[in-house]
Amino acid sequence: MQGFTPLPALLGGVLIGLSASVLLLGNGRIAGISGMAAGLVLPGTNDRMERLLFLLGMLGGGALLLALRPESFPGANEISVPLAVAAGLLVGFGTRLGNGCTSGHGVCGLSRLSARSLAATLTFMATGALTAVVVRKLGGGAP
């Protein structure tokens, strides 16, 4: 398992913040990924092309990184496709239930000093920590 790498982590954080800022300042839109995805399928959305291009850009960036630096995705081939699809559907359900995802609440909501986003982000972090503890106690996950 790879250790903490502060420079790539910092660069990734800067790029996420920059992209969210550009979208907000350029289009007046919040970069909540679940909202972007939901707008592709919900009726009454008039900016589907913008949403689609945003999401394709995210997927394209990930695909490009996978092609250029596959070592950035350790263990990616160890997860079955049905498990990945089920996990994605559960995450999608949770983000709709929570009125947003970690990117919307954690990056964009906190930067706008949203109390709802603070509560959601604290819930995400606590649930993630609890899940990590439970998985380790049951013998799964990294040592």
# chains A, B, ... in the order shown; residues from 1 in each chain; ligands from 1
>>> residues_around(residues="region 11-16 of chain A", least_positions_apart="4", cutoff="9 Å", atoms="only C-alpha atoms", output="number ranges by chain")
A: 6-7, 20-21, 103, 107
>>> residues_around(residues="Leu52 (chain A)", least_positions_apart="2", cutoff="12 Å", atoms="only C-alpha atoms", output="mmCIF file with C-alpha atoms, in the first residue's frame")
data_model
loop_
_atom_site.group_PDB
_atom_site.id
_atom_site.type_symbol
_atom_site.label_atom_id
_atom_site.label_comp_id
_atom_site.auth_asym_id
_atom_site.auth_seq_id
_atom_site.Cartn_x
_atom_site.Cartn_y
_atom_site.Cartn_z
ATOM 1 C CA ILE A 33 -21.704 15.859 -9.149
ATOM 2 C CA GLY A 35 -26.960 17.128 -9.098
ATOM 3 C CA MET A 36 -25.156 17.233 -12.438
ATOM 4 C CA ALA A 37 -25.901 13.563 -13.041
ATOM 5 C CA ALA A 38 -29.512 13.786 -11.862
ATOM 6 C CA GLY A 39 -30.143 16.684 -14.236
ATOM 7 C CA LEU A 40 -29.324 14.412 -17.160
ATOM 8 C CA VAL A 41 -32.323 12.194 -16.468
ATOM 9 C CA THR A 45 -33.712 20.207 -17.338
ATOM 10 C CA ASN A 46 -32.692 22.554 -20.122
ATOM 11 C CA ASP A 47 -28.892 22.352 -19.806
ATOM 12 C CA ARG A 48 -28.335 18.651 -20.433
ATOM 13 C CA MET A 49 -25.445 19.202 -22.868
ATOM 14 C CA GLU A 50 -23.492 21.273 -20.321
ATOM 15 C CA PHE A 54 -18.943 18.251 -17.452
ATOM 16 C CA LEU A 55 -19.422 14.601 -16.495
ATOM 17 C CA LEU A 56 -17.661 13.329 -19.624
ATOM 18 C CA GLY A 57 -14.743 15.623 -18.789
ATOM 19 C CA MET A 58 -14.494 14.036 -15.354
ATOM 20 C CA LEU A 59 -14.645 10.522 -16.778
ATOM 21 C CA GLY A 60 -12.216 11.455 -19.545
#
>>> residues_around(residues="region 113-129 of chain A", least_positions_apart="2", cutoff="10 Å", atoms="only C-alpha atoms", output="ChimeraX atom specification")
/A:98-111,131-135
>>> write_last_selection(atoms="C-alpha atoms", output="tab-separated table (two decimals), in the first residue's frame")
chain	number	residue	atom	x	y	z
A	98	GLY	CA	-28.76	13.47	1.34
A	99	ASN	CA	-29.49	16.19	-1.23
A	100	GLY	CA	-25.93	16.12	-2.49
A	101	CYS	CA	-22.66	14.29	-2.56
A	102	THR	CA	-19.30	14.83	-0.95
A	103	SER	CA	-18.15	17.15	-3.72
A	104	GLY	CA	-21.27	19.28	-3.52
A	105	HIS	CA	-21.40	19.49	0.26
A	106	GLY	CA	-17.74	19.11	1.20
A	107	VAL	CA	-16.14	21.32	-1.42
A	108	CYS	CA	-18.80	23.71	-2.62
A	109	GLY	CA	-21.19	23.85	0.34
A	110	LEU	CA	-18.55	24.36	3.01
A	111	SER	CA	-16.88	27.10	0.97
A	131	THR	CA	-17.18	1.84	8.33
A	132	ALA	CA	-13.36	1.66	8.20
A	133	VAL	CA	-13.23	0.56	11.84
A	134	VAL	CA	-15.92	-2.10	11.34
A	135	VAL	CA	-14.31	-3.45	8.16
>>> select_by_dssp(residues="region 1-118 of chain A", states="alpha helix (DSSP H)", output="number ranges by chain")
A: 6-27, 33-41, 48-68, 81-97, 102, 110-111, 115-118
>>> atom_distance(atom1="CA of Leu97 (chain A)", atom2="CA of Leu42 (chain A)")
15.3 Å
>>> atom_distance(atom1="CA of Gly17 (chain A)", atom2="CA of Leu66 (chain A)")
21.6 Å
>>> decode(residues="region 47-97 of chain A", atoms="N, CA and C atoms", output="PDB file, in the first residue's frame")
ATOM      1  N   ASP A  47     -30.329  22.232 -19.555  1.00  0.00           N
ATOM      2  CA  ASP A  47     -28.892  22.352 -19.806  1.00  0.00           C
ATOM      3  C   ASP A  47     -28.208  20.979 -19.806  1.00  0.00           C
ATOM      4  N   ARG A  48     -28.858  20.020 -20.430  1.00  0.00           N
ATOM      5  CA  ARG A  48     -28.335  18.651 -20.433  1.00  0.00           C
ATOM      6  C   ARG A  48     -26.961  18.549 -21.095  1.00  0.00           C
ATOM      7  N   MET A  49     -26.735  19.297 -22.169  1.00  0.00           N
ATOM      8  CA  MET A  49     -25.445  19.202 -22.868  1.00  0.00           C
ATOM      9  C   MET A  49     -24.315  19.678 -21.959  1.00  0.00           C
ATOM     10  N   GLU A  50     -24.514  20.769 -21.252  1.00  0.00           N
ATOM     11  CA  GLU A  50     -23.492  21.273 -20.321  1.00  0.00           C
ATOM     12  C   GLU A  50     -23.189  20.234 -19.247  1.00  0.00           C
ATOM     13  N   ARG A  51     -24.241  19.635 -18.701  1.00  0.00           N
ATOM     14  CA  ARG A  51     -24.071  18.611 -17.667  1.00  0.00           C
ATOM     15  C   ARG A  51     -23.325  17.404 -18.219  1.00  0.00           C
ATOM     16  N   LEU A  52     -23.719  16.974 -19.405  1.00  0.00           N
ATOM     17  CA  LEU A  52     -23.087  15.818 -20.023  1.00  0.00           C
ATOM     18  C   LEU A  52     -21.606  16.077 -20.278  1.00  0.00           C
ATOM     19  N   LEU A  53     -21.282  17.247 -20.807  1.00  0.00           N
ATOM     20  CA  LEU A  53     -19.880  17.574 -21.085  1.00  0.00           C
ATOM     21  C   LEU A  53     -19.058  17.639 -19.795  1.00  0.00           C
ATOM     22  N   PHE A  54     -19.635  18.187 -18.740  1.00  0.00           N
ATOM     23  CA  PHE A  54     -18.943  18.251 -17.452  1.00  0.00           C
ATOM     24  C   PHE A  54     -18.621  16.842 -16.951  1.00  0.00           C
ATOM     25  N   LEU A  55     -19.621  15.967 -16.981  1.00  0.00           N
ATOM     26  CA  LEU A  55     -19.422  14.601 -16.495  1.00  0.00           C
ATOM     27  C   LEU A  55     -18.480  13.808 -17.399  1.00  0.00           C
ATOM     28  N   LEU A  56     -18.584  14.004 -18.706  1.00  0.00           N
ATOM     29  CA  LEU A  56     -17.661  13.329 -19.624  1.00  0.00           C
ATOM     30  C   LEU A  56     -16.234  13.818 -19.415  1.00  0.00           C
ATOM     31  N   GLY A  57     -16.071  15.097 -19.094  1.00  0.00           N
ATOM     32  CA  GLY A  57     -14.743  15.623 -18.789  1.00  0.00           C
ATOM     33  C   GLY A  57     -14.152  14.955 -17.560  1.00  0.00           C
ATOM     34  N   MET A  58     -14.980  14.732 -16.549  1.00  0.00           N
ATOM     35  CA  MET A  58     -14.494  14.036 -15.354  1.00  0.00           C
ATOM     36  C   MET A  58     -14.097  12.597 -15.676  1.00  0.00           C
ATOM     37  N   LEU A  59     -14.956  11.905 -16.408  1.00  0.00           N
ATOM     38  CA  LEU A  59     -14.645  10.522 -16.778  1.00  0.00           C
ATOM     39  C   LEU A  59     -13.426  10.460 -17.696  1.00  0.00           C
ATOM     40  N   GLY A  60     -13.347  11.409 -18.624  1.00  0.00           N
ATOM     41  CA  GLY A  60     -12.216  11.455 -19.545  1.00  0.00           C
ATOM     42  C   GLY A  60     -10.907  11.709 -18.815  1.00  0.00           C
ATOM     43  N   GLY A  61     -10.935  12.590 -17.821  1.00  0.00           N
ATOM     44  CA  GLY A  61      -9.733  12.846 -17.031  1.00  0.00           C
ATOM     45  C   GLY A  61      -9.272  11.604 -16.292  1.00  0.00           C
ATOM     46  N   GLY A  62     -10.223  10.881 -15.711  1.00  0.00           N
ATOM     47  CA  GLY A  62      -9.888   9.630 -15.028  1.00  0.00           C
ATOM     48  C   GLY A  62      -9.355   8.578 -15.985  1.00  0.00           C
ATOM     49  N   ALA A  63      -9.970   8.481 -17.156  1.00  0.00           N
ATOM     50  CA  ALA A  63      -9.514   7.512 -18.162  1.00  0.00           C
ATOM     51  C   ALA A  63      -8.113   7.859 -18.658  1.00  0.00           C
ATOM     52  N   LEU A  64      -7.858   9.142 -18.840  1.00  0.00           N
ATOM     53  CA  LEU A  64      -6.529   9.579 -19.284  1.00  0.00           C
ATOM     54  C   LEU A  64      -5.481   9.241 -18.228  1.00  0.00           C
ATOM     55  N   LEU A  65      -5.796   9.506 -16.967  1.00  0.00           N
ATOM     56  CA  LEU A  65      -4.860   9.168 -15.896  1.00  0.00           C
ATOM     57  C   LEU A  65      -4.634   7.664 -15.830  1.00  0.00           C
ATOM     58  N   LEU A  66      -5.688   6.881 -15.993  1.00  0.00           N
ATOM     59  CA  LEU A  66      -5.545   5.425 -15.993  1.00  0.00           C
ATOM     60  C   LEU A  66      -4.631   4.968 -17.130  1.00  0.00           C
ATOM     61  N   ALA A  67      -4.771   5.582 -18.303  1.00  0.00           N
ATOM     62  CA  ALA A  67      -3.934   5.208 -19.445  1.00  0.00           C
ATOM     63  C   ALA A  67      -2.477   5.614 -19.243  1.00  0.00           C
ATOM     64  N   LEU A  68      -2.259   6.802 -18.665  1.00  0.00           N
ATOM     65  CA  LEU A  68      -0.898   7.310 -18.509  1.00  0.00           C
ATOM     66  C   LEU A  68      -0.200   6.803 -17.253  1.00  0.00           C
ATOM     67  N   ARG A  69      -0.970   6.599 -16.186  1.00  0.00           N
ATOM     68  CA  ARG A  69      -0.388   6.182 -14.904  1.00  0.00           C
ATOM     69  C   ARG A  69      -1.272   5.150 -14.225  1.00  0.00           C
ATOM     70  N   PRO A  70      -1.323   3.941 -14.753  1.00  0.00           N
ATOM     71  CA  PRO A  70      -2.201   2.918 -14.167  1.00  0.00           C
ATOM     72  C   PRO A  70      -1.868   2.604 -12.709  1.00  0.00           C
ATOM     73  N   GLU A  71      -0.640   2.882 -12.290  1.00  0.00           N
ATOM     74  CA  GLU A  71      -0.273   2.639 -10.888  1.00  0.00           C
ATOM     75  C   GLU A  71      -1.017   3.565  -9.925  1.00  0.00           C
ATOM     76  N   SER A  72      -1.686   4.574 -10.458  1.00  0.00           N
ATOM     77  CA  SER A  72      -2.488   5.478  -9.623  1.00  0.00           C
ATOM     78  C   SER A  72      -3.775   4.820  -9.147  1.00  0.00           C
ATOM     79  N   PHE A  73      -4.104   3.662  -9.703  1.00  0.00           N
ATOM     80  CA  PHE A  73      -5.336   2.947  -9.363  1.00  0.00           C
ATOM     81  C   PHE A  73      -5.017   1.552  -8.838  1.00  0.00           C
ATOM     82  N   PRO A  74      -4.322   1.459  -7.694  1.00  0.00           N
ATOM     83  CA  PRO A  74      -3.981   0.123  -7.202  1.00  0.00           C
ATOM     84  C   PRO A  74      -5.239  -0.648  -6.808  1.00  0.00           C
ATOM     85  N   GLY A  75      -5.284  -1.895  -7.229  1.00  0.00           N
ATOM     86  CA  GLY A  75      -6.415  -2.746  -6.863  1.00  0.00           C
ATOM     87  C   GLY A  75      -7.669  -2.522  -7.677  1.00  0.00           C
ATOM     88  N   ALA A  76      -7.623  -1.663  -8.693  1.00  0.00           N
ATOM     89  CA  ALA A  76      -8.829  -1.367  -9.472  1.00  0.00           C
ATOM     90  C   ALA A  76      -9.364  -2.602 -10.187  1.00  0.00           C
ATOM     91  N   ASN A  77      -8.496  -3.490 -10.603  1.00  0.00           N
ATOM     92  CA  ASN A  77      -8.933  -4.689 -11.323  1.00  0.00           C
ATOM     93  C   ASN A  77      -9.379  -5.808 -10.387  1.00  0.00           C
ATOM     94  N   GLU A  78      -9.271  -5.582  -9.087  1.00  0.00           N
ATOM     95  CA  GLU A  78      -9.640  -6.611  -8.119  1.00  0.00           C
ATOM     96  C   GLU A  78     -11.116  -6.555  -7.745  1.00  0.00           C
ATOM     97  N   ILE A  79     -11.830  -5.545  -8.204  1.00  0.00           N
ATOM     98  CA  ILE A  79     -13.240  -5.380  -7.863  1.00  0.00           C
ATOM     99  C   ILE A  79     -14.081  -5.861  -9.040  1.00  0.00           C
ATOM    100  N   SER A  80     -15.087  -6.688  -8.757  1.00  0.00           N
ATOM    101  CA  SER A  80     -15.930  -7.207  -9.831  1.00  0.00           C
ATOM    102  C   SER A  80     -16.845  -6.103 -10.369  1.00  0.00           C
ATOM    103  N   VAL A  81     -17.215  -6.216 -11.619  1.00  0.00           N
ATOM    104  CA  VAL A  81     -18.097  -5.230 -12.241  1.00  0.00           C
ATOM    105  C   VAL A  81     -19.456  -5.179 -11.534  1.00  0.00           C
ATOM    106  N   PRO A  82     -20.098  -6.322 -11.235  1.00  0.00           N
ATOM    107  CA  PRO A  82     -21.384  -6.241 -10.523  1.00  0.00           C
ATOM    108  C   PRO A  82     -21.265  -5.536  -9.165  1.00  0.00           C
ATOM    109  N   LEU A  83     -20.171  -5.786  -8.441  1.00  0.00           N
ATOM    110  CA  LEU A  83     -19.977  -5.124  -7.154  1.00  0.00           C
ATOM    111  C   LEU A  83     -19.799  -3.618  -7.350  1.00  0.00           C
ATOM    112  N   ALA A  84     -19.044  -3.217  -8.361  1.00  0.00           N
ATOM    113  CA  ALA A  84     -18.843  -1.792  -8.636  1.00  0.00           C
ATOM    114  C   ALA A  84     -20.159  -1.118  -9.033  1.00  0.00           C
ATOM    115  N   VAL A  85     -20.980  -1.806  -9.828  1.00  0.00           N
ATOM    116  CA  VAL A  85     -22.279  -1.248 -10.240  1.00  0.00           C
ATOM    117  C   VAL A  85     -23.199  -1.117  -9.022  1.00  0.00           C
ATOM    118  N   ALA A  86     -23.230  -2.147  -8.186  1.00  0.00           N
ATOM    119  CA  ALA A  86     -24.069  -2.092  -6.982  1.00  0.00           C
ATOM    120  C   ALA A  86     -23.619  -0.964  -6.060  1.00  0.00           C
ATOM    121  N   ALA A  87     -22.318  -0.818  -5.886  1.00  0.00           N
ATOM    122  CA  ALA A  87     -21.791   0.259  -5.041  1.00  0.00           C
ATOM    123  C   ALA A  87     -22.156   1.619  -5.632  1.00  0.00           C
ATOM    124  N   GLY A  88     -22.039   1.762  -6.933  1.00  0.00           N
ATOM    125  CA  GLY A  88     -22.398   3.025  -7.579  1.00  0.00           C
ATOM    126  C   GLY A  88     -23.866   3.372  -7.406  1.00  0.00           C
ATOM    127  N   LEU A  89     -24.728   2.369  -7.523  1.00  0.00           N
ATOM    128  CA  LEU A  89     -26.160   2.609  -7.332  1.00  0.00           C
ATOM    129  C   LEU A  89     -26.474   3.007  -5.887  1.00  0.00           C
ATOM    130  N   LEU A  90     -25.813   2.350  -4.941  1.00  0.00           N
ATOM    131  CA  LEU A  90     -26.024   2.709  -3.533  1.00  0.00           C
ATOM    132  C   LEU A  90     -25.532   4.125  -3.241  1.00  0.00           C
ATOM    133  N   VAL A  91     -24.396   4.487  -3.797  1.00  0.00           N
ATOM    134  CA  VAL A  91     -23.884   5.853  -3.621  1.00  0.00           C
ATOM    135  C   VAL A  91     -24.845   6.850  -4.257  1.00  0.00           C
ATOM    136  N   GLY A  92     -25.341   6.530  -5.440  1.00  0.00           N
ATOM    137  CA  GLY A  92     -26.305   7.415  -6.102  1.00  0.00           C
ATOM    138  C   GLY A  92     -27.569   7.595  -5.283  1.00  0.00           C
ATOM    139  N   PHE A  93     -28.075   6.516  -4.714  1.00  0.00           N
ATOM    140  CA  PHE A  93     -29.256   6.596  -3.854  1.00  0.00           C
ATOM    141  C   PHE A  93     -28.977   7.474  -2.633  1.00  0.00           C
ATOM    142  N   GLY A  94     -27.822   7.265  -2.020  1.00  0.00           N
ATOM    143  CA  GLY A  94     -27.458   8.039  -0.834  1.00  0.00           C
ATOM    144  C   GLY A  94     -27.291   9.519  -1.132  1.00  0.00           C
ATOM    145  N   THR A  95     -26.734   9.842  -2.270  1.00  0.00           N
ATOM    146  CA  THR A  95     -26.546  11.258  -2.594  1.00  0.00           C
ATOM    147  C   THR A  95     -27.879  11.946  -2.864  1.00  0.00           C
ATOM    148  N   ARG A  96     -28.809  11.249  -3.451  1.00  0.00           N
ATOM    149  CA  ARG A  96     -30.141  11.840  -3.658  1.00  0.00           C
ATOM    150  C   ARG A  96     -30.859  11.980  -2.319  1.00  0.00           C
ATOM    151  N   LEU A  97     -30.693  10.986  -1.452  1.00  0.00           N
ATOM    152  CA  LEU A  97     -31.310  11.032  -0.133  1.00  0.00           C
ATOM    153  C   LEU A  97     -30.732  12.189   0.696  1.00  0.00           C
TER     154      LEU A  97
END
